[in-house]
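Quick look at work18.cif (mmCIF, C-alpha atoms and all ligand atoms):
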```cif
data_work
loop_
_atom_site.label_atom_id
_atom_site.label_comp_id
_atom_site.auth_asym_id
_atom_site.auth_seq_id
_atom_site.Cartn_x
_atom_site.Cartn_y
_atom_site.Cartn_z
CA MET K 1 100.02 109.81 115.01
CA PRO K 2 101.54 107.69 112.25
CA GLU K 3 101.86 109.40 108.90
CA CYS K 4 99.46 106.82 107.46
CA LEU K 5 96.68 108.44 109.46
CA SER K 6 97.31 111.85 107.94
CA ASP K 7 95.27 113.23 105.06
CA LYS K 8 97.55 111.58 102.45
CA ALA K 9 97.06 107.87 103.05
CA TYR K 10 94.41 105.78 104.61
CA CYS K 11 95.75 102.53 106.01
CA GLU K 12 96.73 101.90 109.59
CA LEU K 13 96.84 98.11 109.56
CA PRO K 14 100.65 97.67 109.59
CA TRP K 15 100.66 99.68 112.83
CA ARG K 16 97.75 97.81 114.40
CA ALA K 17 97.47 94.23 113.15
CA MET K 18 99.08 91.08 111.89
CA TYR K 19 97.50 88.49 109.64
CA VAL K 20 98.90 84.97 110.04
CA THR K 21 98.09 82.19 107.60
CA VAL K 22 97.76 78.57 108.71
CA GLU K 23 101.26 78.00 107.29
CA GLY K 24 102.67 80.71 109.56
CA THR K 25 103.17 83.38 106.93
CA VAL K 26 102.74 86.85 108.40
CA LYS K 27 101.30 89.83 106.53
CA PRO K 28 99.68 93.12 107.56
CA CYS K 29 96.31 91.98 106.22
CA CYS K 30 94.70 89.28 104.11
CA ASP K 31 94.89 91.44 100.95
CA PHE K 32 98.65 91.96 101.17
CA ARG K 33 100.17 90.08 98.24
CA VAL K 34 103.38 88.76 99.81
CA GLY K 35 104.51 87.43 103.15
CA VAL K 36 106.49 89.82 105.33
CA GLY K 37 107.81 87.06 107.56
CA SER K 38 107.24 83.51 108.69
CA LEU K 39 106.63 82.26 112.21
CA ARG K 40 108.60 79.17 111.21
CA LEU K 41 111.70 81.29 110.57
CA HIS K 42 111.37 84.50 112.56
CA ARG K 43 110.37 85.60 116.02
CA ILE K 44 107.08 87.47 116.06
CA GLY K 45 108.72 90.49 117.73
CA ASP K 46 111.32 90.65 114.97
CA ILE K 47 108.61 90.61 112.34
CA TRP K 48 106.63 93.32 114.08
CA LEU K 49 109.54 95.60 114.94
CA ASN K 50 111.77 95.12 111.91
CA ARG K 51 110.10 93.50 108.94
CA PHE K 52 106.87 95.49 109.20
CA GLU K 53 108.92 98.72 109.22
CA ALA K 54 109.55 98.38 105.50
CA VAL K 55 105.81 98.14 104.87
CA ARG K 56 105.14 101.12 107.14
CA ALA K 57 107.82 103.19 105.42
CA ILE K 58 106.22 102.60 102.02
CA LEU K 59 102.74 103.42 103.32
CA ASN K 60 104.13 106.60 104.86
CA THR K 61 104.80 107.82 101.32
CA GLY K 62 101.05 107.80 100.70
CA ARG K 63 101.39 105.38 97.79
CA PRO K 64 100.68 101.65 97.71
CA GLY K 65 103.77 99.45 97.71
CA PRO K 66 104.09 96.13 95.87
CA GLY K 67 102.13 94.26 98.52
CA CYS K 68 99.23 96.68 98.39
CA GLN K 69 98.72 96.92 94.64
CA SER K 70 95.44 95.00 94.60
CA CYS K 71 94.01 96.55 97.76
CA ASN K 72 90.49 97.83 97.41
CA THR K 73 89.73 98.33 101.06
CA THR K 74 91.72 101.33 102.21
CA LYS K 75 91.57 103.70 99.26
CA LEU K 76 95.29 104.39 99.48
CA GLY K 77 96.35 107.49 97.66
CA ARG K 78 93.10 109.27 98.32
CA THR K 79 92.64 111.82 101.01
CA ARG K 80 90.33 111.06 103.91
CA GLU K 81 87.83 113.45 102.36
CA GLU K 82 87.90 111.60 99.03
CA ALA K 83 87.61 108.23 100.75
CA ARG K 84 84.26 109.15 102.31
S1 LIG M 101 96.84 95.70 101.25
FE1 LIG M 101 95.50 97.43 101.80
S2 LIG M 101 94.75 96.98 103.87
FE2 LIG M 101 96.55 95.71 103.48
S3 LIG M 101 98.29 96.85 104.29
FE3 LIG M 101 98.12 97.35 102.11
S4 LIG M 101 96.85 99.19 102.03
FE4 LIG M 101 96.57 98.28 104.07
#
```

Can you give me the file's structure in the form of structure tokens?
Ligand code: SF4
Amino acid sequence: MPECLSDKAYCELPWRAMYVTVEGTVKPCCDFRVGVGSLRLHRIGDIWLNRFEAVRAILNTGRPGPGCQSCNTTKLGRTREEAR
């Protein structure tokens, strides 16, 4: 089980999904503030296996990284109990 699914953090999207804009910018979700890669420049496997790792590593700390600062959907930083 990824660390993000532990009691510390509450976001699993970078392990489960990609959000692609019409311009080809790839992010973990629509709320993420910056692009993690571009389908015009990178292979999708490279984005998933390498570029998303940085996002996952930050989320594994249990704190929101720069891309997640305005997220209101996952209640990052709260425990699962608090998020209910
Ligand atoms: S912005 Fe929110 S939903 Fe998106 S990856 Fe970050 S914590 Fe998860």

Check your understanding: Cys30 (chain K): which residues within 12 Å, counting all atoms listed in the file, same-chain residues fewer than 3 positions away excluded, as a PyMOL selection string?
Key -> chain K and resi 13-14+17-21+25-27+33-36+67-68+70-73

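With distances restricted to all atoms listed in the file, K:Gly24 is the closest residue to Leu39 (chain K) from K:Gly24, K:Leu59, K:Arg16, K:Pro64.
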
Point to revise | Among the residues K:Gln69, K:Glu23, K:Gly37, K:Phe32, the one that comes closest to Asn50 (chain K) [using all atoms listed in the file] | key: K:Gly37

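The residue that comes closest to Arg63 (chain K), out of K:Arg40, K:Arg51, K:Asp31, K:Cys11 and on the basis of only C-alpha atoms, is K:Cys11.
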
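For the pair CA of Glu12 (chain K) and CA of Gly65 (chain K), the separation is 14.0 Å.
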
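Between atom FE2 of ligand LIG 101 (chain M) and CA of Cys29 (chain K) there is a distance of 4.6 Å.
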
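If all atoms listed in the file are the atoms counted, then among K:Ser38, K:Trp48, K:Trp15, K:Val22 the closest residue to ligand LIG 101 (chain M) is K:Trp15.
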
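The nearest approach to ligand LIG 101 (chain M) among the residues K:His42, K:Asn60, K:Val55, K:Leu49, with all atoms listed in the file taken into account, belongs to K:Val55.
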
Could you give me the centre and size, in Å to one decimal, of an axis-aligned box around all listed atoms of ligand LIG 101 (chain M) with 6 Å added on every side, as JSON?
```
{"center_x": 96.5, "center_y": 97.4, "center_z": 102.8, "size_x": 15.5, "size_y": 15.5, "size_z": 15.0}
```

Exercise for review: Kindly give the distance, in Å, that separates atom FE2 of ligand LIG 101 (chain M) and CA of Ile47 (chain K), rounded to a single decimal.
Suggested key: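 Between these atoms lies a distance of 15.8 Å.
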